[in-house]
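Visitor: Let me begin by handing over the structure; questions about it come next.
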Amino acid sequence: MKPNYDAAQLNLAGGGLGQAEKHDTLAARNSRLAPGDRVAVRIRRSEDRSPYQDFQVPYQKWMRVLDALNWIAENAATDIAYRWFCGSKMCGTCAVRMNGREVLACWEAVEPTMTIEPLRNLPVIRDLVVDRTRYEDKVASLEPWLERKSAYTHFPEPLTHKQMKDASKALDCISCMCCYSACPVIGLGDLTNFAGPGPLVQLAQTALDPRNSPEKVKRALARTGIFNCISCYKCEEVCPAGIPIVGRIIEPLKAKTVHLIPEMAKHSLALRNIVANRGRVDPGALVLQIRGLRALLNLTRIIRLMMRGKINPIKTFLNIKTPAAAPASHILRNKARTK
(Lines give C-alpha, C1' and ligand atoms only; values in the text may rest on other atoms or scores of the structure.)
Protein backbone atom coordinates (compact mmCIF):
# COMPACT_ATOMS: atom_id res chain seq x y z
CA MET A 1 0.00 0.00 0.00
CA LYS A 2 1.37 3.42 -1.00
CA PRO A 3 2.02 5.82 1.93
CA ASN A 4 -0.19 8.90 1.86
CA TYR A 5 1.70 12.02 2.93
CA ASP A 6 0.17 15.45 3.03
CA ALA A 7 2.02 18.61 1.96
CA ALA A 8 3.00 19.51 5.52
CA GLN A 9 4.59 16.11 6.03
CA LEU A 10 6.52 16.21 2.78
CA ASN A 11 7.86 19.74 3.38
CA LEU A 12 9.21 19.81 -0.17
CA ALA A 13 10.44 23.40 -0.01
CA GLY A 14 13.96 23.82 1.29
CA GLY A 15 15.28 20.32 0.74
CA GLY A 16 12.53 18.31 2.45
CA LEU A 17 12.54 15.47 -0.08
CA GLY A 18 12.73 12.12 1.70
CA GLN A 19 11.96 13.50 5.15
CA ALA A 20 8.65 11.64 5.47
CA GLU A 21 10.25 8.35 4.44
CA LYS A 22 13.05 8.86 6.96
CA HIS A 23 10.65 9.87 9.74
CA ASP A 24 12.43 13.22 9.85
CA THR A 25 9.58 15.72 9.45
CA LEU A 26 9.01 18.50 11.99
CA ALA A 27 6.11 16.60 13.58
CA ALA A 28 8.18 13.41 13.74
CA ARG A 29 11.07 15.16 15.44
CA ASN A 30 8.84 16.80 18.02
CA SER A 31 7.24 13.43 18.82
CA ARG A 32 10.63 11.94 19.77
CA LEU A 33 11.05 14.20 22.77
CA ALA A 34 8.87 15.06 25.75
CA PRO A 35 9.21 18.12 28.00
CA GLY A 36 11.94 17.44 30.55
CA ASP A 37 13.88 15.00 28.34
CA ARG A 38 17.55 15.75 27.91
CA VAL A 39 18.87 16.90 24.54
CA ALA A 40 22.54 15.98 24.05
CA VAL A 41 24.22 18.95 22.38
CA ARG A 42 27.84 18.90 21.21
CA ILE A 43 29.19 22.27 20.07
CA ARG A 44 32.42 22.96 18.23
CA ARG A 45 34.43 25.52 20.20
CA SER A 46 37.36 27.58 18.98
CA GLU A 47 39.30 28.15 22.20
CA ASP A 48 42.42 26.22 23.26
CA ARG A 49 40.51 23.26 24.61
CA SER A 50 38.89 20.10 23.27
CA PRO A 51 37.43 20.91 19.83
CA TYR A 52 33.94 19.99 21.06
CA GLN A 53 32.09 20.68 24.29
CA ASP A 54 29.10 18.62 25.43
CA PHE A 55 25.94 19.91 27.10
CA GLN A 56 22.70 18.40 28.38
CA VAL A 57 19.78 20.70 27.64
CA PRO A 58 16.27 20.14 29.12
CA TYR A 59 13.77 19.85 26.29
CA GLN A 60 10.81 22.23 26.07
CA LYS A 61 7.88 21.85 23.70
CA TRP A 62 8.55 23.12 20.14
CA MET A 63 12.22 23.70 21.03
CA ARG A 64 14.42 25.00 18.22
CA VAL A 65 18.19 24.75 17.82
CA LEU A 66 18.34 28.45 18.72
CA ASP A 67 16.42 27.80 21.96
CA ALA A 68 18.98 25.14 22.90
CA LEU A 69 21.85 27.56 22.20
CA ASN A 70 20.14 30.27 24.26
CA TRP A 71 19.71 27.87 27.19
CA ILE A 72 23.39 26.90 27.02
CA ALA A 73 24.46 30.57 26.89
CA GLU A 74 22.29 31.42 29.91
CA ASN A 75 22.92 28.35 32.08
CA ALA A 76 26.02 26.40 31.09
CA ALA A 77 28.54 28.38 28.97
CA THR A 78 28.09 32.13 29.10
CA ASP A 79 31.12 32.63 26.84
CA ILE A 80 29.72 30.71 23.87
CA ALA A 81 29.61 32.75 20.66
CA TYR A 82 26.80 32.46 18.11
CA ARG A 83 24.91 34.97 16.00
CA TRP A 84 21.21 35.73 15.62
CA PHE A 85 18.93 38.75 15.32
CA CYS A 86 15.32 38.21 14.22
CA GLY A 87 14.66 34.65 15.38
CA SER A 88 12.00 34.28 12.68
CA LYS A 89 13.69 33.21 9.42
CA MET A 90 14.10 36.73 8.11
CA CYS A 91 17.68 37.92 8.73
CA GLY A 92 19.62 34.76 7.83
CA THR A 93 22.34 35.35 10.44
CA CYS A 94 21.80 32.27 12.63
CA ALA A 95 22.83 29.64 10.07
CA VAL A 96 24.92 26.77 11.48
CA ARG A 97 25.65 23.14 10.62
CA MET A 98 23.59 20.70 12.66
CA ASN A 99 24.44 17.00 12.37
CA GLY A 100 26.28 17.64 9.13
CA ARG A 101 23.71 19.77 7.32
CA GLU A 102 23.23 23.52 7.06
CA VAL A 103 20.18 24.86 8.91
CA LEU A 104 18.78 28.06 10.36
CA ALA A 105 19.01 27.72 14.14
CA CYS A 106 15.83 29.78 14.55
CA TRP A 107 13.79 27.48 12.30
CA GLU A 108 15.14 23.98 12.89
CA ALA A 109 13.64 21.68 15.52
CA VAL A 110 16.09 20.11 17.95
CA GLU A 111 17.00 16.45 17.70
CA PRO A 112 17.70 14.14 20.66
CA THR A 113 21.42 14.25 19.81
CA MET A 114 22.96 17.20 17.99
CA THR A 115 26.43 18.24 16.86
CA ILE A 116 26.47 21.94 16.04
CA GLU A 117 29.31 23.46 14.03
CA PRO A 118 29.99 26.74 12.19
CA LEU A 119 29.36 27.05 8.48
CA ARG A 120 32.06 25.77 6.15
CA ASN A 121 34.04 27.67 3.50
CA LEU A 122 34.27 30.80 5.67
CA PRO A 123 36.80 31.84 8.35
CA VAL A 124 35.62 31.22 11.91
CA ILE A 125 35.79 34.24 14.19
CA ARG A 126 34.83 32.33 17.32
CA ASP A 127 32.82 29.19 18.07
CA LEU A 128 29.78 29.30 15.73
CA VAL A 129 30.38 32.81 14.39
CA VAL A 130 31.88 33.03 10.90
CA ASP A 131 33.35 36.01 9.07
CA ARG A 132 30.92 37.06 6.32
CA THR A 133 33.47 39.36 4.63
CA ARG A 134 34.51 36.90 1.89
CA TYR A 135 30.89 36.28 0.90
CA GLU A 136 29.86 39.94 1.05
CA ASP A 137 32.92 41.09 -0.93
CA LYS A 138 32.10 38.57 -3.64
CA VAL A 139 28.49 39.80 -3.80
CA ALA A 140 29.66 43.41 -4.02
CA SER A 141 32.16 42.57 -6.79
CA LEU A 142 29.27 41.29 -8.94
CA GLU A 143 27.54 44.69 -8.73
CA PRO A 144 24.04 43.30 -8.08
CA TRP A 145 22.09 46.42 -8.99
CA LEU A 146 20.24 47.75 -12.02
CA GLU A 147 21.82 50.00 -14.62
CA ARG A 148 19.12 51.12 -17.02
CA LYS A 149 19.74 52.16 -20.61
CA SER A 150 16.37 53.90 -20.86
CA ALA A 151 14.36 56.01 -18.43
CA TYR A 152 11.15 54.85 -16.77
CA THR A 153 8.21 55.22 -19.13
CA HIS A 154 5.80 55.48 -16.22
CA PHE A 155 5.32 54.02 -12.76
CA PRO A 156 4.56 51.24 -12.05
CA GLU A 157 6.29 49.66 -15.01
CA PRO A 158 4.46 46.83 -16.78
CA LEU A 159 6.40 43.61 -16.21
CA THR A 160 5.01 40.20 -17.08
CA HIS A 161 5.31 37.07 -14.96
CA LYS A 162 7.33 35.42 -17.73
CA GLN A 163 9.86 38.27 -17.69
CA MET A 164 10.32 38.20 -13.90
CA LYS A 165 9.65 34.58 -12.90
CA ASP A 166 13.32 33.71 -12.30
CA ALA A 167 14.41 37.05 -10.83
CA SER A 168 11.45 36.99 -8.44
CA LYS A 169 12.57 33.62 -7.04
CA ALA A 170 15.99 35.09 -6.30
CA LEU A 171 14.36 37.86 -4.27
CA ASP A 172 13.43 35.29 -1.59
CA CYS A 173 17.13 34.98 -0.61
CA ILE A 174 17.95 36.00 2.99
CA SER A 175 21.76 35.72 2.57
CA CYS A 176 22.05 33.03 5.24
CA MET A 177 25.02 31.46 3.37
CA CYS A 178 23.76 27.90 3.92
CA CYS A 179 24.22 27.21 0.20
CA TYR A 180 27.69 28.78 0.23
CA SER A 181 28.70 26.42 3.05
CA ALA A 182 27.22 23.34 1.37
CA CYS A 183 28.79 23.98 -2.06
CA PRO A 184 31.58 21.45 -2.78
CA VAL A 185 33.08 23.65 -5.51
CA ILE A 186 33.57 26.55 -3.09
CA GLY A 187 35.25 23.98 -0.83
CA LEU A 188 37.99 23.61 -3.47
CA GLY A 189 39.22 27.10 -2.57
CA ASP A 190 41.46 28.82 -5.11
CA LEU A 191 41.37 25.88 -7.54
CA THR A 192 38.37 27.53 -9.23
CA ASN A 193 37.03 31.06 -9.59
CA PHE A 194 33.42 30.02 -8.91
CA ALA A 195 31.50 32.81 -7.18
CA GLY A 196 29.27 30.38 -5.30
CA PRO A 197 25.50 29.84 -5.23
CA GLY A 198 24.73 32.60 -2.73
CA PRO A 199 26.42 35.41 -4.68
CA LEU A 200 24.83 34.11 -7.89
CA VAL A 201 21.37 34.29 -6.32
CA GLN A 202 22.07 37.88 -5.30
CA LEU A 203 23.27 38.67 -8.84
CA ALA A 204 20.22 36.97 -10.39
CA GLN A 205 17.89 39.46 -8.69
CA THR A 206 19.02 42.05 -11.23
CA ALA A 207 20.87 40.08 -13.95
CA LEU A 208 17.65 38.22 -14.80
CA ASP A 209 15.64 41.45 -14.73
CA PRO A 210 14.84 42.53 -18.33
CA ARG A 211 15.39 46.20 -17.41
CA ASN A 212 19.09 45.72 -16.66
CA SER A 213 21.72 46.82 -19.18
CA PRO A 214 23.20 43.86 -21.12
CA GLU A 215 26.67 45.43 -20.87
CA LYS A 216 26.34 45.62 -17.10
CA VAL A 217 25.13 42.01 -16.87
CA LYS A 218 27.96 40.83 -19.15
CA ARG A 219 30.52 42.58 -16.95
CA ALA A 220 29.15 40.85 -13.84
CA LEU A 221 28.82 37.39 -15.39
CA ALA A 222 32.44 37.50 -16.54
CA ARG A 223 33.48 37.44 -12.86
CA THR A 224 31.32 34.51 -11.75
CA GLY A 225 33.13 31.42 -13.05
CA ILE A 226 29.61 30.07 -13.42
CA PHE A 227 30.52 27.07 -15.56
CA ASN A 228 32.47 25.63 -12.63
CA CYS A 229 29.09 24.76 -11.08
CA ILE A 230 28.67 20.97 -11.16
CA SER A 231 24.87 21.02 -10.63
CA CYS A 232 25.05 18.77 -7.57
CA TYR A 233 21.95 20.45 -6.04
CA LYS A 234 23.53 20.63 -2.57
CA CYS A 235 22.60 24.32 -2.47
CA GLU A 236 18.94 23.55 -3.17
CA GLU A 237 18.86 20.83 -0.51
CA VAL A 238 19.86 23.21 2.28
CA CYS A 239 18.18 26.46 1.16
CA PRO A 240 15.76 27.42 3.97
CA ALA A 241 13.85 29.71 1.60
CA GLY A 242 13.19 26.84 -0.81
CA ILE A 243 14.78 28.64 -3.77
CA PRO A 244 15.40 26.31 -6.76
CA ILE A 245 18.94 27.64 -7.07
CA VAL A 246 20.21 25.37 -9.84
CA GLY A 247 17.08 25.17 -11.98
CA ARG A 248 15.79 28.72 -11.70
CA ILE A 249 18.93 30.74 -10.92
CA ILE A 250 22.16 29.15 -12.12
CA GLU A 251 20.83 27.57 -15.32
CA PRO A 252 19.16 30.82 -16.56
CA LEU A 253 22.38 32.69 -15.71
CA LYS A 254 24.38 30.10 -17.69
CA ALA A 255 22.05 30.58 -20.66
CA LYS A 256 22.55 34.35 -20.43
CA THR A 257 26.32 33.84 -20.24
CA VAL A 258 26.27 31.68 -23.39
CA HIS A 259 24.44 34.49 -25.17
CA LEU A 260 26.57 37.39 -23.86
CA ILE A 261 30.00 35.73 -23.40
CA PRO A 262 30.11 32.56 -25.55
CA GLU A 263 33.86 32.10 -24.96
CA MET A 264 33.11 31.30 -21.29
CA ALA A 265 30.87 28.43 -22.40
CA LYS A 266 33.34 26.63 -24.67
CA HIS A 267 32.91 23.27 -22.93
CA SER A 268 29.09 23.50 -22.80
CA LEU A 269 28.75 24.58 -26.42
CA ALA A 270 31.11 21.82 -27.58
CA LEU A 271 29.08 19.22 -25.67
CA ARG A 272 25.82 20.53 -27.16
CA ASN A 273 27.24 20.40 -30.70
CA ILE A 274 28.52 16.84 -30.23
CA VAL A 275 25.16 15.57 -28.92
CA ALA A 276 23.29 17.44 -31.67
CA ASN A 277 25.58 15.97 -34.32
CA ARG A 278 26.02 12.40 -33.04
CA GLY A 279 23.01 11.80 -30.78
CA ARG A 280 25.29 10.79 -27.89
CA VAL A 281 28.03 12.07 -25.64
CA ASP A 282 31.40 11.29 -27.22
CA PRO A 283 34.13 11.95 -24.60
CA GLY A 284 36.91 11.65 -27.18
CA ALA A 285 35.37 14.26 -29.47
CA LEU A 286 34.73 16.53 -26.47
CA VAL A 287 38.39 16.42 -25.38
CA LEU A 288 39.56 17.10 -28.93
CA GLN A 289 37.22 20.09 -29.33
CA ILE A 290 38.30 21.59 -26.00
CA ARG A 291 42.03 20.84 -26.00
CA GLY A 292 42.72 20.34 -29.68
CA LEU A 293 45.52 18.10 -30.94
CA ARG A 294 47.45 18.67 -27.70
CA ALA A 295 45.23 15.98 -26.18
CA LEU A 296 46.93 13.38 -28.40
CA LEU A 297 50.33 14.00 -26.83
CA ASN A 298 49.42 12.14 -23.61
CA LEU A 299 49.45 8.59 -25.00
CA THR A 300 49.55 6.98 -21.54
CA ARG A 301 46.25 8.59 -20.58
CA ILE A 302 44.68 7.74 -23.95
CA ILE A 303 45.60 4.04 -23.57
CA ARG A 304 44.29 3.98 -19.99
CA LEU A 305 40.97 5.55 -21.06
CA MET A 306 40.64 3.09 -23.95
CA MET A 307 41.27 0.09 -21.66
CA ARG A 308 38.56 1.32 -19.29
CA GLY A 309 36.09 1.86 -22.12
CA LYS A 310 35.90 5.59 -21.55
CA ILE A 311 36.76 6.52 -25.13
CA ASN A 312 36.47 4.81 -28.51
CA PRO A 313 38.80 6.47 -31.07
CA ILE A 314 37.20 4.59 -33.99
CA LYS A 315 33.73 5.97 -33.20
CA THR A 316 35.21 9.41 -32.55
CA PHE A 317 37.20 9.76 -35.80
CA LEU A 318 34.56 8.06 -37.99
CA ASN A 319 31.87 10.33 -36.50
CA ILE A 320 29.59 7.36 -35.71
CA LYS A 321 26.03 8.56 -35.07
CA THR A 322 23.14 6.98 -33.20
CA PRO A 323 19.45 7.02 -34.22
CA ALA A 324 18.99 9.80 -31.65
CA ALA A 325 21.11 12.22 -33.71
CA ALA A 326 18.24 13.64 -35.78
CA PRO A 327 15.83 14.35 -32.87
CA ALA A 328 18.72 15.62 -30.70
CA SER A 329 19.78 18.02 -33.44
CA HIS A 330 16.19 19.23 -33.89
CA ILE A 331 15.67 19.84 -30.15
CA LEU A 332 19.02 21.39 -29.30
CA ARG A 333 19.31 23.65 -32.33
CA ASN A 334 15.73 24.85 -31.96
CA LYS A 335 16.44 25.69 -28.33
CA ALA A 336 19.59 27.56 -29.34
CA ARG A 337 17.61 29.66 -31.83
CA THR A 338 14.87 30.56 -29.34
CA LYS A 339 17.26 31.80 -26.63
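Here, A, B, ... name the chains of the C-alpha coordinates in the order displayed, residue numbers run from 1 inside each chain, and ligands are numbered from 1 in the same displayed order.
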So that I can check the surroundings of range 198-213 of chain A, please list as number ranges by chain every protein, DNA and RNA residue that reaches within 6 Å of it, counting only C-alpha atoms and ignoring chain neighbours fewer than 5 positions away.
Guide: A: 139, 144-149, 167, 170-171, 180
Visitor: Taking only C-alpha atoms into account, produce a table as CSV in which each residue of range 28-61 of chain A with an atom at most 12 Å from an atom of range 89-97 of chain A appears once, together with its shortest atom pair and the distance in Å to one decimal, ordered by chain and rising number.
Guide:
residue,atom,partner,partner_atom,distance
A:Arg42,CA,A:Arg97,CA,11.6
A:Ile43,CA,A:Arg97,CA,10.1
A:Arg44,CA,A:Arg97,CA,10.2
Visitor: Would you output that residue set with N, CA and C atoms, as a short mmCIF file (atom, residue, chain, number, x, y, z; two decimals), in the first residue's frame?
Guide:
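Everything below was put into out35.cif:
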data_model
loop_
_atom_site.label_atom_id
_atom_site.label_comp_id
_atom_site.auth_asym_id
_atom_site.auth_seq_id
_atom_site.Cartn_x
_atom_site.Cartn_y
_atom_site.Cartn_z
N ARG A 42 26.37 18.78 21.31
CA ARG A 42 27.84 18.90 21.21
C ARG A 42 28.14 20.09 20.30
N ILE A 43 28.91 21.03 20.80
CA ILE A 43 29.19 22.27 20.07
C ILE A 43 30.68 22.38 19.80
N ARG A 44 31.01 22.74 18.57
CA ARG A 44 32.42 22.96 18.23
C ARG A 44 32.86 24.31 18.77
#
Visitor: If DSSP is run on the backbone, what residues of range 59-137 of chain A are strand (DSSP E or B)? A reply as an NGL selection string would be ideal.
Guide: :A and (64 or 95-98 or 101-104 or 109 or 113-117 or 124-126 or 129-130)
Visitor: Hey, which of A:Lys266, A:Arg83, A:Arg120, A:Arg134 ends up closest to Arg291 in chain A? Count only C-alpha atoms.
Guide: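 Comparing A:Lys266, A:Arg83, A:Arg120, A:Arg134 against Arg291 in chain A, the winner is A:Lys266.
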Visitor: Could you please determine the separation between CA of Ala68 in chain A and CA of Leu104 in chain A in Å, to one decimal place?
Guide: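 Spanning CA of Ala68 in chain A to CA of Leu104 in chain A is a straight-line distance of 12.9 Å.
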